[in-house]
$ cat data_35.tsv   # TSV, C-alpha atoms (C1' of nucleotides)
chain	number	residue	atom	x	y	z
A	1	MET	CA	4.78	-4.98	10.32
A	2	SER	CA	1.87	-3.66	8.31
A	3	ASN	CA	3.85	-0.41	8.18
A	4	VAL	CA	6.64	-2.18	6.32
A	5	PHE	CA	4.30	-3.45	3.62
A	6	LYS	CA	2.62	-0.06	3.38
A	7	ALA	CA	6.03	1.50	2.90
A	8	LEU	CA	6.96	-1.04	0.23
A	9	ALA	CA	3.71	-0.48	-1.65
A	10	ASP	CA	5.06	2.69	-3.28
A	11	PRO	CA	7.59	2.34	-6.14
A	12	THR	CA	9.38	5.54	-5.20
A	13	ARG	CA	10.02	4.24	-1.72
A	14	ARG	CA	11.17	0.85	-2.99
A	15	LYS	CA	13.60	2.66	-5.26
A	16	VAL	CA	14.87	4.74	-2.34
A	17	LEU	CA	15.60	1.55	-0.45
A	18	GLU	CA	17.42	0.14	-3.46
A	19	LEU	CA	19.56	3.24	-3.69
A	20	LEU	CA	20.34	3.05	0.00
A	21	ARG	CA	21.38	-0.53	-0.44
A	22	GLN	CA	24.48	0.88	-2.17
A	23	GLY	CA	25.33	2.89	0.91
A	24	PRO	CA	24.16	5.84	3.00
A	25	LYS	CA	22.92	8.89	1.11
A	26	THR	CA	21.69	12.33	2.07
A	27	ALA	CA	18.09	13.41	1.57
A	28	GLY	CA	19.26	15.68	-1.22
A	29	GLU	CA	21.22	12.99	-3.00
A	30	LEU	CA	18.22	10.70	-2.88
A	31	ALA	CA	15.80	13.41	-3.96
A	32	ALA	CA	18.01	14.18	-6.96
A	33	GLU	CA	17.22	10.73	-8.34
A	34	PHE	CA	13.51	11.39	-8.61
A	35	ALA	CA	11.30	13.71	-10.59
A	36	VAL	CA	9.23	14.88	-7.63
A	37	SER	CA	9.69	17.83	-5.29
A	38	LYS	CA	11.86	17.67	-2.21
A	39	PRO	CA	8.94	18.04	0.19
A	40	THR	CA	7.31	15.06	-1.50
A	41	MET	CA	10.50	13.07	-1.06
A	42	SER	CA	10.67	14.19	2.54
A	43	ALA	CA	7.22	12.70	3.08
A	44	HIS	CA	8.39	9.42	1.55
A	45	PHE	CA	11.38	9.42	3.89
A	46	ALA	CA	9.02	9.92	6.81
A	47	VAL	CA	7.02	6.84	5.80
A	48	LEU	CA	10.22	4.81	5.59
A	49	ARG	CA	11.31	6.09	9.01
A	50	GLU	CA	7.95	5.20	10.54
A	51	ALA	CA	8.27	1.70	9.11
A	52	ASN	CA	11.68	1.60	10.75
A	53	LEU	CA	13.20	0.73	7.38
A	54	VAL	CA	15.67	3.59	7.45
A	55	ASP	CA	17.66	5.51	9.97
A	56	ALA	CA	18.29	9.26	9.71
A	57	THR	CA	21.18	11.15	11.25
A	58	ARG	CA	22.12	14.74	10.80
A	59	ASP	CA	25.59	15.55	9.53
A	60	GLY	CA	26.00	19.27	9.37
A	61	LYS	CA	23.48	20.69	6.97
A	62	ALA	CA	22.62	17.34	5.49
A	63	ILE	CA	20.57	14.46	6.79
A	64	ILE	CA	22.00	11.07	6.03
A	65	TYR	CA	19.72	8.15	5.45
A	66	ARG	CA	20.74	4.54	5.95
A	67	ILE	CA	18.75	1.45	5.17
A	68	LYS	CA	18.03	-0.87	8.07
A	69	LEU	CA	18.43	-4.06	6.13
A	70	SER	CA	17.76	-6.29	9.09
A	71	VAL	CA	14.29	-4.82	9.55
A	72	LEU	CA	13.49	-5.38	5.90
A	73	GLU	CA	14.84	-8.90	6.12
A	74	ASP	CA	12.90	-9.75	9.23
A	75	ALA	CA	9.66	-8.50	7.70
A	76	LEU	CA	10.13	-10.39	4.47
A	77	LEU	CA	11.37	-13.45	6.26
A	78	GLY	CA	8.52	-13.45	8.74
A	79	PHE	CA	6.00	-13.11	5.98
A	80	ALA	CA	7.62	-15.69	3.74
A	81	GLU	CA	7.67	-18.17	6.59
A	82	VAL	CA	3.90	-18.16	6.84
A	83	PHE	CA	3.81	-19.38	3.26
A	84	GLY	CA	6.36	-22.08	3.74
A	85	MET	CA	9.10	-20.24	1.92
A	86	LYS	CA	12.59	-20.34	3.22
A	87	MET	CA	14.77	-17.28	3.09
A	88	GLU	CA	18.23	-16.39	4.16
A	89	GLY	CA	19.72	-13.05	4.92
A	90	ALA	CA	22.27	-11.37	2.68
A	91	PRO	CA	25.45	-13.41	3.00
A	92	VAL	CA	27.65	-10.34	3.01
A	93	GLU	CA	27.98	-6.61	3.11
A	94	HIS	CA	25.26	-5.33	5.31
A	95	PRO	CA	26.03	-1.65	5.30
A	96	ASP	CA	27.02	-1.13	8.94
A	97	GLU	CA	23.78	-0.87	10.70
A	98	GLU	CA	23.06	-0.24	14.33
A	99	ASP	CA	19.98	0.90	16.15
B	1	MET	CA	4.93	-6.20	-9.53
B	2	SER	CA	3.91	-2.99	-7.85
B	3	ASN	CA	0.42	-4.48	-7.81
B	4	VAL	CA	1.67	-7.33	-5.66
B	5	PHE	CA	3.05	-4.97	-3.02
B	6	LYS	CA	-0.07	-2.84	-3.14
B	7	ALA	CA	-2.11	-5.98	-2.57
B	8	LEU	CA	0.08	-7.03	0.34
B	9	ALA	CA	-0.15	-3.59	1.95
B	10	ASP	CA	-3.55	-4.38	3.42
B	11	PRO	CA	-3.75	-6.71	6.44
B	12	THR	CA	-7.12	-8.12	5.39
B	13	ARG	CA	-5.67	-9.19	2.07
B	14	ARG	CA	-2.57	-10.69	3.67
B	15	LYS	CA	-4.86	-12.69	5.96
B	16	VAL	CA	-6.89	-13.87	2.97
B	17	LEU	CA	-3.71	-15.18	1.39
B	18	GLU	CA	-2.78	-16.92	4.62
B	19	LEU	CA	-6.17	-18.61	4.74
B	20	LEU	CA	-5.82	-19.69	1.13
B	21	ARG	CA	-2.46	-21.17	1.94
B	22	GLN	CA	-4.40	-23.90	3.74
B	23	GLY	CA	-6.30	-24.69	0.56
B	24	PRO	CA	-8.93	-23.30	-1.81
B	25	LYS	CA	-11.89	-21.53	-0.24
B	26	THR	CA	-15.05	-19.91	-1.54
B	27	ALA	CA	-15.64	-16.18	-1.36
B	28	GLY	CA	-18.24	-16.82	1.32
B	29	GLU	CA	-15.96	-18.98	3.43
B	30	LEU	CA	-13.28	-16.33	3.28
B	31	ALA	CA	-15.69	-13.49	3.97
B	32	ALA	CA	-16.96	-15.34	7.05
B	33	GLU	CA	-13.53	-14.92	8.65
B	34	PHE	CA	-13.68	-11.13	8.61
B	35	ALA	CA	-15.80	-8.47	10.24
B	36	VAL	CA	-16.50	-6.51	7.08
B	37	SER	CA	-19.30	-6.77	4.55
B	38	LYS	CA	-19.24	-9.17	1.62
B	39	PRO	CA	-19.03	-6.42	-0.98
B	40	THR	CA	-15.99	-5.08	0.83
B	41	MET	CA	-14.43	-8.53	0.76
B	42	SER	CA	-15.32	-8.84	-2.89
B	43	ALA	CA	-13.33	-5.65	-3.55
B	44	HIS	CA	-10.36	-7.12	-1.67
B	45	PHE	CA	-10.61	-10.26	-3.80
B	46	ALA	CA	-10.57	-8.09	-6.91
B	47	VAL	CA	-7.33	-6.45	-5.81
B	48	LEU	CA	-5.78	-9.87	-5.22
B	49	ARG	CA	-6.97	-11.05	-8.63
B	50	GLU	CA	-5.53	-7.96	-10.33
B	51	ALA	CA	-2.23	-8.63	-8.64
B	52	ASN	CA	-2.49	-12.15	-10.02
B	53	LEU	CA	-2.06	-13.50	-6.51
B	54	VAL	CA	-5.22	-15.57	-6.62
B	55	ASP	CA	-7.23	-17.46	-9.14
B	56	ALA	CA	-11.03	-17.57	-9.13
B	57	THR	CA	-13.20	-20.29	-10.61
B	58	ARG	CA	-16.92	-20.70	-10.36
B	59	ASP	CA	-18.29	-23.93	-8.93
B	60	GLY	CA	-22.04	-23.84	-9.03
B	61	LYS	CA	-23.23	-20.93	-6.92
B	62	ALA	CA	-19.90	-20.44	-5.25
B	63	ILE	CA	-16.69	-18.91	-6.48
B	64	ILE	CA	-13.59	-20.70	-5.35
B	65	TYR	CA	-10.41	-18.80	-4.71
B	66	ARG	CA	-6.98	-20.36	-4.86
B	67	ILE	CA	-3.69	-18.72	-3.98
B	68	LYS	CA	-1.09	-18.57	-6.75
B	69	LEU	CA	1.86	-19.22	-4.53
B	70	SER	CA	4.37	-19.10	-7.36
B	71	VAL	CA	3.43	-15.51	-8.17
B	72	LEU	CA	3.84	-14.51	-4.55
B	73	GLU	CA	7.14	-16.32	-4.40
B	74	ASP	CA	8.46	-14.77	-7.57
B	75	ALA	CA	7.58	-11.28	-6.38
B	76	LEU	CA	9.16	-11.75	-2.98
B	77	LEU	CA	12.14	-13.50	-4.45
B	78	GLY	CA	12.70	-10.87	-7.10
B	79	PHE	CA	12.53	-8.12	-4.55
B	80	ALA	CA	14.70	-9.90	-2.00
B	81	GLU	CA	17.34	-10.51	-4.63
B	82	VAL	CA	17.86	-6.80	-5.13
B	83	PHE	CA	18.81	-6.61	-1.49
B	84	GLY	CA	21.17	-9.53	-1.58
B	85	MET	CA	18.84	-11.85	0.25
B	86	LYS	CA	18.56	-15.43	-0.82
B	87	MET	CA	15.24	-17.16	-0.80
B	88	GLU	CA	13.98	-20.58	-1.68
B	89	GLY	CA	10.50	-21.64	-2.58
B	90	ALA	CA	8.40	-23.76	-0.29
B	91	PRO	CA	10.01	-27.20	-0.27
B	92	VAL	CA	6.66	-28.96	-0.20
B	93	GLU	CA	2.93	-28.75	-0.50
B	94	HIS	CA	2.14	-26.08	-2.99
B	95	PRO	CA	-1.62	-26.36	-3.18
B	96	ASP	CA	-2.13	-27.59	-6.74
B	97	GLU	CA	-1.83	-24.49	-8.77
B	98	GLU	CA	-2.24	-24.01	-12.46
B	99	ASP	CA	-2.81	-20.96	-14.53
C	1	DT	C1'	25.21	37.95	12.57
C	2	DA	C1'	23.45	37.92	7.73
C	3	DG	C1'	23.22	35.09	3.99
C	4	DA	C1'	23.23	30.54	1.90
C	5	DT	C1'	22.18	25.68	1.95
C	6	DA	C1'	19.60	21.41	3.29
C	7	DT	C1'	15.65	19.61	4.88
C	8	DT	C1'	11.20	19.53	6.98
C	9	DT	C1'	6.56	21.40	8.23
C	10	DA	C1'	2.17	23.68	6.95
C	11	DG	C1'	-1.55	23.99	4.20
C	12	DC	C1'	-3.76	22.81	0.17
C	13	DT	C1'	-5.80	19.70	-3.74
C	14	DA	C1'	-6.73	15.68	-6.57
C	15	DA	C1'	-6.74	10.86	-6.69
C	16	DT	C1'	-7.23	6.54	-4.43
C	17	DT	C1'	-8.97	3.44	-0.96
C	18	DA	C1'	-11.89	1.02	2.37
C	19	DT	C1'	-16.14	0.89	3.73
C	20	DC	C1'	-21.25	0.78	3.50
C	21	DT	C1'	-26.26	-0.33	1.56
C	22	DA	C1'	-29.03	-1.47	-2.29
C	23	DA	C1'	-29.44	-3.57	-6.60
C	24	DA	C1'	-27.92	-6.72	-10.33
C	25	DT	C1'	-26.10	-11.17	-12.04
C	26	DG	C1'	-25.53	-16.24	-12.18
C	27	DA	C1'	-26.66	-20.72	-10.80
C	28	DT	C1'	-29.34	-24.12	-8.35
C	29	DT	C1'	-33.68	-26.10	-6.72
C	30	DG	C1'	-38.42	-26.79	-5.62
D	1	DC	C1'	-40.11	-20.66	-13.84
D	2	DA	C1'	-40.09	-18.43	-9.33
D	3	DA	C1'	-37.57	-18.40	-5.18
D	4	DT	C1'	-33.25	-18.70	-3.07
D	5	DC	C1'	-28.40	-18.57	-2.48
D	6	DA	C1'	-23.61	-16.74	-3.56
D	7	DT	C1'	-21.24	-13.19	-5.27
D	8	DT	C1'	-20.38	-8.97	-7.67
D	9	DT	C1'	-21.51	-4.25	-9.39
D	10	DA	C1'	-23.23	0.48	-8.57
D	11	DG	C1'	-23.21	4.42	-6.17
D	12	DA	C1'	-22.09	7.04	-2.15
D	13	DT	C1'	-18.99	8.71	1.68
D	14	DA	C1'	-15.07	9.30	4.83
D	15	DA	C1'	-10.27	8.64	5.35
D	16	DT	C1'	-5.79	8.31	3.46
D	17	DT	C1'	-2.25	9.33	0.17
D	18	DA	C1'	0.86	11.59	-3.13
D	19	DG	C1'	1.68	15.56	-4.95
D	20	DC	C1'	2.44	20.75	-5.00
D	21	DT	C1'	4.10	25.71	-3.30
D	22	DA	C1'	5.37	28.60	0.39
D	23	DA	C1'	7.21	29.09	4.82
D	24	DA	C1'	9.82	27.50	8.85
D	25	DT	C1'	13.90	25.34	11.04
D	26	DA	C1'	18.65	24.07	11.54
D	27	DT	C1'	23.34	24.41	10.26
D	28	DC	C1'	27.26	26.35	8.20
D	29	DT	C1'	30.18	30.24	6.45
D	30	DA	C1'	31.68	34.82	5.12

$ encode --input "data_35.tsv" --output "structure tokens"
Amino acid sequence: MSNVFKALADPTRRKVLELLRQGPKTAGELAAEFAVSKPTMSAHFAVLREANLVDATRDGKAIIYRIKLSVLEDALLGFAEVFGMKMEGAPVEHPDEED
Amino acid sequence: MSNVFKALADPTRRKVLELLRQGPKTAGELAAEFAVSKPTMSAHFAVLREANLVDATRDGKAIIYRIKLSVLEDALLGFAEVFGMKMEGAPVEHPDEED
DNA sequence: TAGATATTTAGCTAATTATCTAAATGATTG
DNA sequence: CAATCATTTAGATAATTAGCTAAATATCTA
């Protein structure tokens, strides 16, 4: 759980998650959106993977990243609960997500 | 906003916020709950202050910390919204909070 | 199988962070 | 007003992090 917050602490990684919210994207497609090198982006992806916030699958040459919305939701929800906040999951369109 | 997530990235600071959820506490009372030195705790408090997540007021010798629940809520809510999550504030018992 | 393409790993550096002890500041009290 | 109490600031160190370039790995294609 601490890993999730660590992952969210960096603006680049939050932006990656936002982009993935629109649908799965390859490492290259994601990297193209940022002004840092691909190895740097790869390291960010690794942090997101370790936090279990994204899922990576190879498709030919490319590696496709998908957000694991439910993990993000559970973390936020669990945290919010401690503070008496109520939270509901996205009502629709979870990009198909399985683990 | 990034400051809020940075502040939440550390488990000690999240625990401090949880303790403050129960009501205002002095720096010393908070520090007593952790196994690190007071200067270390003081640095954690500074991070929380910079993130605007807590409010500090002096009362005699002691400094009293209060959580600013609305700031935490707004940050979580704003972030959750991007991901299509719906979130409501705590229905009751915000510890009296003014800025 | 020899490129070409996509991504990650290795190895490095600079900046940031969490931690400590010792010293300084602010406020109360004898 | 000197001692004491509560907290922060200063100054140091070790660990972590974000960034880079160069090299390695994995896959496809000509």

$ atom_distance --input "data_35.tsv" --atom1 "atom CA of B:Lys61" --atom2 "atom C1' of D:DA10"
21.5 Å

$ closest_atom_pairs --input "data_35.tsv" --of "chain B" --to "chain A" --cutoff "10 Å" --atoms "only C-alpha atoms" --output "JSON lines"
{"residue": "B:Met1", "atom": "CA", "partner": "A:Pro11", "partner_atom": "CA", "distance": 9.6}
{"residue": "B:Ser2", "atom": "CA", "partner": "A:Ala9", "partner_atom": "CA", "distance": 6.7}
{"residue": "B:Asn3", "atom": "CA", "partner": "A:Ala9", "partner_atom": "CA", "distance": 8.0}
{"residue": "B:Val4", "atom": "CA", "partner": "A:Ala9", "partner_atom": "CA", "distance": 8.2}
{"residue": "B:Phe5", "atom": "CA", "partner": "A:Ala9", "partner_atom": "CA", "distance": 4.7}
{"residue": "B:Lys6", "atom": "CA", "partner": "A:Ala9", "partner_atom": "CA", "distance": 4.7}
{"residue": "B:Ala7", "atom": "CA", "partner": "A:Ala9", "partner_atom": "CA", "distance": 8.1}
{"residue": "B:Leu8", "atom": "CA", "partner": "A:Phe5", "partner_atom": "CA", "distance": 6.4}
{"residue": "B:Ala9", "atom": "CA", "partner": "A:Lys6", "partner_atom": "CA", "distance": 4.7}
{"residue": "B:Asp10", "atom": "CA", "partner": "A:Ser2", "partner_atom": "CA", "distance": 7.3}
{"residue": "B:Pro11", "atom": "CA", "partner": "A:Ser2", "partner_atom": "CA", "distance": 6.7}
{"residue": "B:Arg14", "atom": "CA", "partner": "A:Phe79", "partner_atom": "CA", "distance": 9.2}
{"residue": "B:Leu17", "atom": "CA", "partner": "A:Phe83", "partner_atom": "CA", "distance": 8.8}
{"residue": "B:Glu18", "atom": "CA", "partner": "A:Val82", "partner_atom": "CA", "distance": 7.1}
{"residue": "B:Leu20", "atom": "CA", "partner": "A:Phe83", "partner_atom": "CA", "distance": 9.9}
{"residue": "B:Arg21", "atom": "CA", "partner": "A:Phe83", "partner_atom": "CA", "distance": 6.7}
{"residue": "B:Gln22", "atom": "CA", "partner": "A:Phe83", "partner_atom": "CA", "distance": 9.4}
{"residue": "B:Leu69", "atom": "CA", "partner": "A:Phe83", "partner_atom": "CA", "distance": 8.0}
{"residue": "B:Leu72", "atom": "CA", "partner": "A:Ala80", "partner_atom": "CA", "distance": 9.2}
{"residue": "B:Glu73", "atom": "CA", "partner": "A:Met85", "partner_atom": "CA", "distance": 7.7}
{"residue": "B:Leu76", "atom": "CA", "partner": "A:Leu76", "partner_atom": "CA", "distance": 7.6}
{"residue": "B:Leu77", "atom": "CA", "partner": "A:Met87", "partner_atom": "CA", "distance": 8.8}
{"residue": "B:Phe79", "atom": "CA", "partner": "A:Arg14", "partner_atom": "CA", "distance": 9.2}
{"residue": "B:Ala80", "atom": "CA", "partner": "A:Leu76", "partner_atom": "CA", "distance": 7.9}
{"residue": "B:Glu81", "atom": "CA", "partner": "A:Ala90", "partner_atom": "CA", "distance": 8.9}
{"residue": "B:Val82", "atom": "CA", "partner": "A:Glu18", "partner_atom": "CA", "distance": 7.2}
{"residue": "B:Phe83", "atom": "CA", "partner": "A:Arg21", "partner_atom": "CA", "distance": 6.7}
{"residue": "B:Gly84", "atom": "CA", "partner": "A:Ala90", "partner_atom": "CA", "distance": 4.8}
{"residue": "B:Met85", "atom": "CA", "partner": "A:Ala90", "partner_atom": "CA", "distance": 4.2}
{"residue": "B:Lys86", "atom": "CA", "partner": "A:Glu88", "partner_atom": "CA", "distance": 5.1}
{"residue": "B:Met87", "atom": "CA", "partner": "A:Met87", "partner_atom": "CA", "distance": 3.9}
{"residue": "B:Glu88", "atom": "CA", "partner": "A:Lys86", "partner_atom": "CA", "distance": 5.1}
{"residue": "B:Gly89", "atom": "CA", "partner": "A:Met85", "partner_atom": "CA", "distance": 4.9}
{"residue": "B:Ala90", "atom": "CA", "partner": "A:Met85", "partner_atom": "CA", "distance": 4.2}
{"residue": "B:Pro91", "atom": "CA", "partner": "A:Met85", "partner_atom": "CA", "distance": 7.4}
{"residue": "B:Val92", "atom": "CA", "partner": "A:Gly84", "partner_atom": "CA", "distance": 7.9}
{"residue": "B:Glu93", "atom": "CA", "partner": "A:Gly84", "partner_atom": "CA", "distance": 8.6}
{"residue": "B:His94", "atom": "CA", "partner": "A:Gly84", "partner_atom": "CA", "distance": 8.9}

$ write_last_selection --input "data_35.tsv" --atoms "C-alpha atoms" --output "PDB file, in the coordinates of the input"
ATOM      1  CA  MET B   1       4.930  -6.200  -9.530  1.00  0.00           C
ATOM      2  CA  SER B   2       3.910  -2.990  -7.850  1.00  0.00           C
ATOM      3  CA  ASN B   3       0.420  -4.480  -7.810  1.00  0.00           C
ATOM      4  CA  VAL B   4       1.670  -7.330  -5.660  1.00  0.00           C
ATOM      5  CA  PHE B   5       3.050  -4.970  -3.020  1.00  0.00           C
ATOM      6  CA  LYS B   6      -0.070  -2.840  -3.140  1.00  0.00           C
ATOM      7  CA  ALA B   7      -2.110  -5.980  -2.570  1.00  0.00           C
ATOM      8  CA  LEU B   8       0.080  -7.030   0.340  1.00  0.00           C
ATOM      9  CA  ALA B   9      -0.150  -3.590   1.950  1.00  0.00           C
ATOM     10  CA  ASP B  10      -3.550  -4.380   3.420  1.00  0.00           C
ATOM     11  CA  PRO B  11      -3.750  -6.710   6.440  1.00  0.00           C
ATOM     12  CA  ARG B  14      -2.570 -10.690   3.670  1.00  0.00           C
ATOM     13  CA  LEU B  17      -3.710 -15.180   1.390  1.00  0.00           C
ATOM     14  CA  GLU B  18      -2.780 -16.920   4.620  1.00  0.00           C
ATOM     15  CA  LEU B  20      -5.820 -19.690   1.130  1.00  0.00           C
ATOM     16  CA  ARG B  21      -2.460 -21.170   1.940  1.00  0.00           C
ATOM     17  CA  GLN B  22      -4.400 -23.900   3.740  1.00  0.00           C
ATOM     18  CA  LEU B  69       1.860 -19.220  -4.530  1.00  0.00           C
ATOM     19  CA  LEU B  72       3.840 -14.510  -4.550  1.00  0.00           C
ATOM     20  CA  GLU B  73       7.140 -16.320  -4.400  1.00  0.00           C
ATOM     21  CA  LEU B  76       9.160 -11.750  -2.980  1.00  0.00           C
ATOM     22  CA  LEU B  77      12.140 -13.500  -4.450  1.00  0.00           C
ATOM     23  CA  PHE B  79      12.530  -8.120  -4.550  1.00  0.00           C
ATOM     24  CA  ALA B  80      14.700  -9.900  -2.000  1.00  0.00           C
ATOM     25  CA  GLU B  81      17.340 -10.510  -4.630  1.00  0.00           C
ATOM     26  CA  VAL B  82      17.860  -6.800  -5.130  1.00  0.00           C
ATOM     27  CA  PHE B  83      18.810  -6.610  -1.490  1.00  0.00           C
ATOM     28  CA  GLY B  84      21.170  -9.530  -1.580  1.00  0.00           C
ATOM     29  CA  MET B  85      18.840 -11.850   0.250  1.00  0.00           C
ATOM     30  CA  LYS B  86      18.560 -15.430  -0.820  1.00  0.00           C
ATOM     31  CA  MET B  87      15.240 -17.160  -0.800  1.00  0.00           C
ATOM     32  CA  GLU B  88      13.980 -20.580  -1.680  1.00  0.00           C
ATOM     33  CA  GLY B  89      10.500 -21.640  -2.580  1.00  0.00           C
ATOM     34  CA  ALA B  90       8.400 -23.760  -0.290  1.00  0.00           C
ATOM     35  CA  PRO B  91      10.010 -27.200  -0.270  1.00  0.00           C
ATOM     36  CA  VAL B  92       6.660 -28.960  -0.200  1.00  0.00           C
ATOM     37  CA  GLU B  93       2.930 -28.750  -0.500  1.00  0.00           C
ATOM     38  CA  HIS B  94       2.140 -26.080  -2.990  1.00  0.00           C
TER      39      HIS B  94
END

$ interface_residues --input "data_35.tsv" --of "chain A" --to "chain D" --cutoff "8 Å" --atoms "all atoms listed in the file" --output "short mmCIF file (atom, residue, chain, number, x, y, z; two decimals) with C-alpha atoms, keeping the file's coordinate frame"
data_model
loop_
_atom_site.label_atom_id
_atom_site.label_comp_id
_atom_site.auth_asym_id
_atom_site.auth_seq_id
_atom_site.Cartn_x
_atom_site.Cartn_y
_atom_site.Cartn_z
CA SER A 37 9.69 17.83 -5.29
CA THR A 40 7.31 15.06 -1.50
CA GLY A 60 26.00 19.27 9.37
CA LYS A 61 23.48 20.69 6.97
#

$ interface_residues --input "data_35.tsv" --of "chain A" --to "chain C" --cutoff "10 Å" --atoms "all atoms listed in the file" --output "list in words"
Thr26, Ala27, Gly28, Lys38, Pro39, Ser42, Ala43, Ala46, Gly60, Lys61, Ala62 and Ile63 of chain A

$ atom_distance --input "data_35.tsv" --atom1 "atom CA of A:Asp74" --atom2 "atom CA of A:Leu48"
15.2 Å

$ atom_distance --input "data_35.tsv" --atom1 "atom CA of A:Tyr65" --atom2 "atom CA of A:Ala31"
11.5 Å

$ residues_around --input "data_35.tsv" --residues "A:Glu33" --least-positions-apart "6" --cutoff "10 Å" --atoms "only C-alpha atoms (C1' of nucleotides)" --output "list in words"
Thr12, Lys15, Val16 and Leu19 of chain A

$ write_last_selection --input "data_35.tsv" --atoms "C-alpha atoms" --output "CSV table (one decimal), in the frame of the given file"
chain,number,residue,atom,x,y,z
A,12,THR,CA,9.4,5.5,-5.2
A,15,LYS,CA,13.6,2.7,-5.3
A,16,VAL,CA,14.9,4.7,-2.3
A,19,LEU,CA,19.6,3.2,-3.7

$ axis_aligned_box --input "data_35.tsv" --around "stretch 16-27 of chain D" --padding-each-side "3 Å" --output "lines of an AutoDock Vina configuration file"
center_x = 8.8
center_y = 18.7
center_z = 3.3
size_x = 35.1
size_y = 26.8
size_z = 22.5

$ decode --input "data_35.tsv" --residues "stretch 3-14 of chain D" --atoms "N, CA, C and O atoms (P, O5', C5', C4', C3', O3' and C1' of nucleotides)" --output "tab-separated table (two decimals), in the first residue's frame"
chain	number	residue	atom	x	y	z
D	3	DA	P	20.91	28.74	36.05
D	3	DA	O5'	19.65	27.76	35.98
D	3	DA	C5'	18.89	27.54	37.19
D	3	DA	C4'	17.62	26.77	36.84
D	3	DA	C3'	17.84	25.56	35.93
D	3	DA	O3'	17.12	24.49	36.51
D	3	DA	C1'	16.22	26.98	34.97
D	4	DT	P	17.22	23.03	35.87
D	4	DT	O5'	15.84	23.00	35.07
D	4	DT	C5'	14.62	23.34	35.75
D	4	DT	C4'	13.47	23.26	34.74
D	4	DT	C3'	13.57	22.05	33.79
D	4	DT	O3'	12.28	21.48	33.75
D	4	DT	C1'	13.27	24.04	32.57
D	5	DC	P	12.07	19.98	33.25
D	5	DC	O5'	10.98	20.19	32.11
D	5	DC	C5'	9.89	21.09	32.33
D	5	DC	C4'	9.32	21.52	30.99
D	5	DC	C3'	9.31	20.39	29.96
D	5	DC	O3'	7.99	20.32	29.44
D	5	DC	C1'	10.31	22.34	29.06
D	6	DA	P	7.64	19.26	28.31
D	6	DA	O5'	7.70	20.18	27.00
D	6	DA	C5'	6.69	21.16	26.78
D	6	DA	C4'	6.78	21.64	25.36
D	6	DA	C3'	6.85	20.51	24.32
D	6	DA	O3'	5.95	20.84	23.28
D	6	DA	C1'	8.73	21.94	24.08
D	7	DT	P	5.73	19.85	22.06
D	7	DT	O5'	6.75	20.45	20.99
D	7	DT	C5'	6.55	21.82	20.56
D	7	DT	C4'	7.74	22.30	19.78
D	7	DT	C3'	8.09	21.48	18.55
D	7	DT	O3'	7.58	22.16	17.41
D	7	DT	C1'	9.99	22.37	19.68
D	8	DT	P	7.94	21.71	15.92
D	8	DT	O5'	9.28	22.55	15.66
D	8	DT	C5'	9.22	23.96	15.85
D	8	DT	C4'	10.58	24.57	15.56
D	8	DT	C3'	11.11	24.27	14.16
D	8	DT	O3'	11.54	25.51	13.62
D	8	DT	C1'	12.73	23.69	15.80
D	9	DT	P	12.18	25.59	12.13
D	9	DT	O5'	13.77	25.68	12.38
D	9	DT	C5'	14.30	26.78	13.09
D	9	DT	C4'	15.82	26.65	13.14
D	9	DT	C3'	16.49	26.40	11.80
D	9	DT	O3'	17.66	27.21	11.79
D	9	DT	C1'	17.10	24.72	13.29
D	10	DA	P	18.54	27.41	10.44
D	10	DA	O5'	19.98	26.87	10.84
D	10	DA	C5'	20.20	26.36	12.15
D	10	DA	C4'	21.60	25.79	12.27
D	10	DA	C3'	22.34	25.54	10.96
D	10	DA	O3'	23.73	25.64	11.22
D	10	DA	C1'	21.87	23.46	11.97
D	11	DG	P	24.83	25.64	10.06
D	11	DG	O5'	25.43	24.14	10.15
D	11	DG	C5'	25.82	23.59	11.42
D	11	DG	C4'	26.19	22.13	11.23
D	11	DG	C3'	26.74	21.81	9.84
D	11	DG	O3'	27.79	20.87	9.96
D	11	DG	C1'	24.92	20.43	10.29
D	12	DA	P	28.72	20.46	8.71
D	12	DA	O5'	28.59	18.87	8.72
D	12	DA	C5'	28.83	18.15	9.94
D	12	DA	C4'	28.22	16.76	9.82
D	12	DA	C3'	28.56	16.03	8.52
D	12	DA	O3'	29.35	14.89	8.81
D	12	DA	C1'	26.25	15.84	9.06
D	13	DT	P	29.88	13.96	7.60
D	13	DT	O5'	28.74	12.84	7.54
D	13	DT	C5'	28.37	12.13	8.74
D	13	DT	C4'	27.40	11.02	8.36
D	13	DT	C3'	27.76	10.30	7.07
D	13	DT	O3'	27.49	8.91	7.24
D	13	DT	C1'	25.60	11.17	6.88
D	14	DA	P	28.07	7.83	6.20
D	14	DA	O5'	26.83	6.86	6.01
D	14	DA	C5'	25.85	6.72	7.05
D	14	DA	C4'	24.58	6.16	6.43
D	14	DA	C3'	24.82	5.25	5.22
D	14	DA	O3'	23.86	4.20	5.28
D	14	DA	C1'	23.60	7.16	4.54
